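Structure data follow from entry_29.csv (CSV, C-alpha atoms):
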chain,number,residue,atom,x,y,z
A,843,MET,CA,83.5,88.9,99.1
A,844,ALA,CA,82.3,91.8,97.0
A,845,GLY,CA,81.0,89.6,94.2
A,846,HIS,CA,78.4,88.2,96.6
A,847,ILE,CA,76.8,91.6,97.2
A,848,ASP,CA,74.1,92.4,94.6
A,849,LYS,CA,74.2,96.2,94.4
A,850,THR,CA,71.3,96.3,91.9
A,851,ARG,CA,68.9,95.1,94.6
A,852,ALA,CA,69.9,97.4,97.4
A,853,GLN,CA,69.4,101.2,97.4
A,854,SER,CA,71.5,101.7,100.5
A,855,LYS,CA,74.7,103.8,100.2
A,856,GLY,CA,76.2,101.6,102.9
A,857,VAL,CA,75.8,98.5,100.8
A,858,LYS,CA,77.6,100.2,97.9
A,859,LEU,CA,80.4,101.4,100.1
A,860,LEU,CA,80.8,98.0,101.7
A,861,HIS,CA,81.0,96.4,98.2
A,862,ASP,CA,83.5,99.0,97.0
A,863,TYR,CA,85.6,98.5,100.1
A,864,LEU,CA,85.7,94.8,99.7
A,865,GLU,CA,86.8,95.1,96.1
A,866,TYR,CA,89.5,97.6,97.2
A,867,ALA,CA,90.7,95.2,100.0
A,868,ALA,CA,90.7,92.2,97.7
A,869,SER,CA,92.8,94.0,95.2
A,870,GLY,CA,95.5,94.8,97.8
A,871,GLY,CA,94.7,98.5,97.4
A,872,GLU,CA,95.2,98.5,93.7
A,873,ARG,CA,91.6,99.3,92.8
A,874,LEU,CA,90.4,102.8,93.7
A,875,GLN,CA,86.7,103.7,93.4
A,876,GLY,CA,84.9,106.7,92.2
A,877,ASN,CA,86.7,107.7,89.0
A,878,SER,CA,85.4,111.1,88.0
A,879,TYR,CA,86.2,114.4,86.4
A,880,THR,CA,84.2,117.6,86.1
A,881,ASN,CA,82.3,118.3,82.9
A,882,LYS,CA,82.4,122.0,83.8
A,883,LEU,CA,85.5,124.1,83.9
A,884,ASP,CA,86.7,123.8,87.5
A,885,PHE,CA,90.1,125.4,88.2
A,886,ASP,CA,92.1,125.8,91.4
A,887,SER,CA,94.1,128.8,90.0
A,888,PRO,CA,94.5,131.1,87.0
A,889,PHE,CA,97.7,129.2,86.3
A,890,GLU,CA,95.8,125.9,85.9
A,891,GLU,CA,93.3,127.6,83.7
A,892,ASP,CA,96.0,129.1,81.5
A,893,VAL,CA,97.6,125.6,81.0
A,894,TYR,CA,94.1,124.2,80.2
A,895,HIS,CA,93.5,126.9,77.5
A,896,ALA,CA,97.0,126.5,76.0
A,897,LEU,CA,96.3,122.7,75.4
A,898,VAL,CA,92.7,123.3,74.2
A,899,GLN,CA,94.1,125.8,71.6
A,900,GLN,CA,96.4,122.9,70.4
A,901,GLY,CA,93.3,120.7,69.8
A,902,TYR,CA,93.5,118.5,72.9
A,903,THR,CA,90.5,117.5,75.0
A,904,ILE,CA,91.2,118.3,78.6
A,905,CYS,CA,89.2,117.4,81.7
A,906,THR,CA,89.6,119.3,85.0
A,907,GLN,CA,89.9,117.8,88.5
A,908,VAL,CA,90.2,114.2,87.4
A,909,GLY,CA,90.4,111.6,90.1
A,910,CYS,CA,89.2,108.8,92.2
A,911,SER,CA,89.0,108.1,95.9
A,912,GLY,CA,90.0,111.5,96.9
A,913,TYR,CA,93.1,111.6,94.6
A,914,ARG,CA,92.6,114.6,92.2
A,915,ILE,CA,94.8,115.5,89.3
A,916,ASP,CA,94.5,119.1,88.1
A,917,LEU,CA,94.1,118.3,84.4
A,918,GLY,CA,93.7,115.1,82.4
A,919,VAL,CA,94.6,114.8,78.7
A,920,VAL,CA,92.0,112.6,77.0
A,921,ASN,CA,93.3,109.9,74.7
A,922,SER,CA,91.9,110.8,71.3
A,923,ASP,CA,92.2,107.2,70.1
A,924,ARG,CA,90.3,105.9,73.1
A,925,PRO,CA,87.8,108.4,74.5
A,926,GLY,CA,87.2,107.8,78.2
A,927,GLU,CA,90.9,107.1,78.8
A,928,PHE,CA,93.6,109.6,79.8
A,929,LEU,CA,97.0,109.8,78.3
A,930,LEU,CA,98.4,112.1,80.9
A,931,GLY,CA,97.7,113.8,84.2
A,932,ILE,CA,99.0,117.3,84.6
A,933,GLU,CA,99.8,118.8,88.0
A,934,CYS,CA,100.0,122.6,88.2
A,935,ASP,CA,102.2,123.6,91.2
A,936,GLY,CA,102.0,127.3,92.3
A,937,ALA,CA,104.5,129.5,94.1
A,938,SER,CA,103.1,128.6,97.6
A,939,TYR,CA,103.9,125.0,96.9
A,940,HIS,CA,107.7,125.7,97.0
A,941,SER,CA,107.5,126.9,100.6
A,942,SER,CA,105.6,123.9,101.9
A,943,PRO,CA,107.7,120.7,102.5
A,944,THR,CA,104.6,118.9,103.8
A,945,ALA,CA,102.7,119.6,100.5
A,946,ARG,CA,105.7,118.4,98.4
A,947,ASP,CA,105.9,115.2,100.4
A,948,ARG,CA,102.2,114.6,100.2
A,949,ASP,CA,102.1,115.2,96.5
A,950,ARG,CA,105.1,113.0,95.9
A,951,LEU,CA,103.5,110.1,97.7
A,952,ARG,CA,100.2,110.7,95.9
A,953,GLN,CA,102.0,110.8,92.6
A,954,GLN,CA,103.6,107.4,93.4
A,955,VAL,CA,100.3,105.9,94.1
A,956,LEU,CA,98.8,107.2,90.9
A,957,GLU,CA,101.7,106.1,88.8
A,958,ARG,CA,101.4,102.6,90.3
A,959,LEU,CA,97.8,102.6,89.1
A,960,GLY,CA,99.0,103.4,85.6
A,961,TRP,CA,98.9,107.2,85.4
A,962,LYS,CA,101.6,109.2,83.7
A,963,ILE,CA,102.1,112.5,85.5
A,964,HIS,CA,103.6,115.7,84.2
A,965,ARG,CA,104.3,118.4,86.7
A,966,ILE,CA,104.5,122.1,85.7
A,967,TRP,CA,105.8,124.8,88.1
A,968,SER,CA,104.1,128.1,87.8
A,969,THR,CA,107.4,130.0,87.9
A,970,ASP,CA,108.6,128.0,84.8
A,971,TRP,CA,105.3,128.5,83.1
A,972,PHE,CA,105.2,132.3,83.5
A,973,ARG,CA,108.9,132.8,82.8
A,974,ASN,CA,108.9,130.8,79.5
A,975,LYS,CA,105.4,129.6,78.6
A,976,PRO,CA,106.3,128.7,74.9
A,977,VAL,CA,109.0,126.2,76.1
A,978,GLN,CA,106.7,124.7,78.7
A,979,VAL,CA,103.9,124.3,76.2
A,980,ARG,CA,106.4,122.6,73.8
A,981,LEU,CA,107.6,120.2,76.4
A,982,LEU,CA,104.1,119.3,77.4
A,983,ILE,CA,103.0,118.7,73.8
A,984,GLU,CA,106.1,116.6,73.2
A,985,ARG,CA,105.2,114.4,76.2
A,986,ILE,CA,101.6,114.0,75.0
A,987,LYS,CA,102.8,113.1,71.5
A,988,GLN,CA,105.2,110.6,72.9
A,989,LEU,CA,102.5,108.9,74.9
A,990,GLN,CA,100.1,108.9,71.9
A,991,GLN,CA,102.8,107.1,69.9
A,992,ARG,CA,103.2,104.4,72.6
A,993,ASN,CA,99.5,103.9,72.8
A,994,SER,CA,99.0,103.6,69.0

Rewritten as C-alpha cells:
Amino acid sequence: MAGHIDKTRAQSKGVKLLHDYLEYAASGGERLQGNSYTNKLDFDSPFEEDVYHALVQQGYTICTQVGCSGYRIDLGVVNSDRPGEFLLGIECDGASYHSSPTARDRDRLRQQVLERLGWKIHRIWSTDWFRNKPVQVRLLIERIKQLQQRNS
C-alpha cells in the first residue's frame, strides 16, 4: 500500500517511483503522476506559438506542454478563478498529422484517457487556423467562456 511508504524519510528515486506506482495501481489507473507544465515558452511548432499568442492577447493565461505521466497537451488555459487549475487543453494538429493514421489513433486514445481524467480538450487543425484564423479564435474563446460559466 502506498500509504505505508514514508517518502519524506527516503531519498531514493526508486522509493518515490514505487509509491507513485502503488497509488496508480490502487486507483485503477485513474491517478497519473507528475503533473507539470513549462514555465518557459516551449512550442512544438510556429502554429502552436501563434495560437498561444492569440489567446494571450485576449488576456488568458496559457501554459505550454501541460501534462502528466508522459501525456502532454500543447497548451493549457488556466482557470482565472482557480489558479493552478486548467479550464481547457488545446491540441494543435499540423498538416503532417493528416497523413498519419497511427498518429490520429494514438491521439484519439490519449484524448479519451485525458477526458476520463477530467480534461476538456479543444483540437485545432493548422489548415483551419491559417485559412480563417479569426473564426478559429472566436470558436476557441467561446469554448473557454462556456467552461468559465460552468465553473463559476

* In Å, with one decimal, what is the gap from CA of Leu929 (chain A) to CA of Leu897 (chain A)? ->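 Atom-to-atom, CA of Leu929 (chain A) and CA of Leu897 (chain A) are spaced 13.2 Å apart.
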
* Asked: Can you tell me, as a ChimeraX atom specification, what residues are no more than 8 Å from Phe885 (chain A) when counting only C-alpha atoms, ignoring any on the same chain fewer than 5 positions away?
  -> /A:890-891,906-907,916

Filtering to C-alpha atoms, could you give me those residues as a CSV table (one decimal), in the frame of the given file?
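What follows is the written file again01.csv:
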chain,number,residue,atom,x,y,z
A,890,GLU,CA,95.8,125.9,85.9
A,891,GLU,CA,93.3,127.6,83.7
A,906,THR,CA,89.6,119.3,85.0
A,907,GLN,CA,89.9,117.8,88.5
A,916,ASP,CA,94.5,119.1,88.1

* **Length of the CA of Val955 (chain A) to CA of Gly901 (chain A) vector [Å]** =>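 Interatomic distance here is 29.3 Å.
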
* To do: Would you please work out which residue, of A:Val920, A:Arg958, A:Lys975, A:Gln953, is nearest to Leu989 (chain A) when using all atoms listed in the file?
  =>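 Among the listed residues, A:Val920 lies closest to Leu989 (chain A).
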
* To do: Could you give me, as a list in words, the residues that have an atom at most 12 Å away from the point (100.5, 107.5, 90.6) in the coordinates of the file, using all atoms listed in the file?
  =>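 Collected hits near the coordinates: Glu872, Leu874, Gly909, Cys910, Tyr913, Arg914, Ile915, Leu930, Gly931, Ile932, Glu933, Asp949, Arg950, Leu951, Arg952, Gln953, Gln954, Val955, Leu956, Glu957, Arg958, Leu959, Gly960, Trp961, Lys962, Ile963 and His964 of chain A.
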
* Using only C-alpha atoms: which of A:Gln978, A:Val898, A:Ser994, A:Ile983 has the shortest distance to Arg924 (chain A) ->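 Closest residue, counting only C-alpha atoms: A:Ser994.
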
* Asked: What is the distance between CA of Ile904 (chain A) and CA of Asp970 (chain A), in Å to one decimal?
  ->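 Computing the Euclidean distance for CA of Ile904 (chain A) and CA of Asp970 (chain A) yields 20.9 Å.
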
* Residue among A:Asp947, A:Ser922, A:Val908, A:Trp967 lying closest to Val893 (chain A), counting only C-alpha atoms ->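 Checking each of A:Asp947, A:Ser922, A:Val908, A:Trp967 against Val893 (chain A), counting only C-alpha atoms, the winner is A:Trp967.
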
* Please provide the set of residues having any atom within 7 Å of Phe928 (chain A), restricted to all atoms listed in the file, with same-chain residues fewer than 5 positions apart removed, written as a list in words. =>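 After dropping sequence-adjacent residues, the list is Gly918, Val919, Val920 and Asn921 of chain A.
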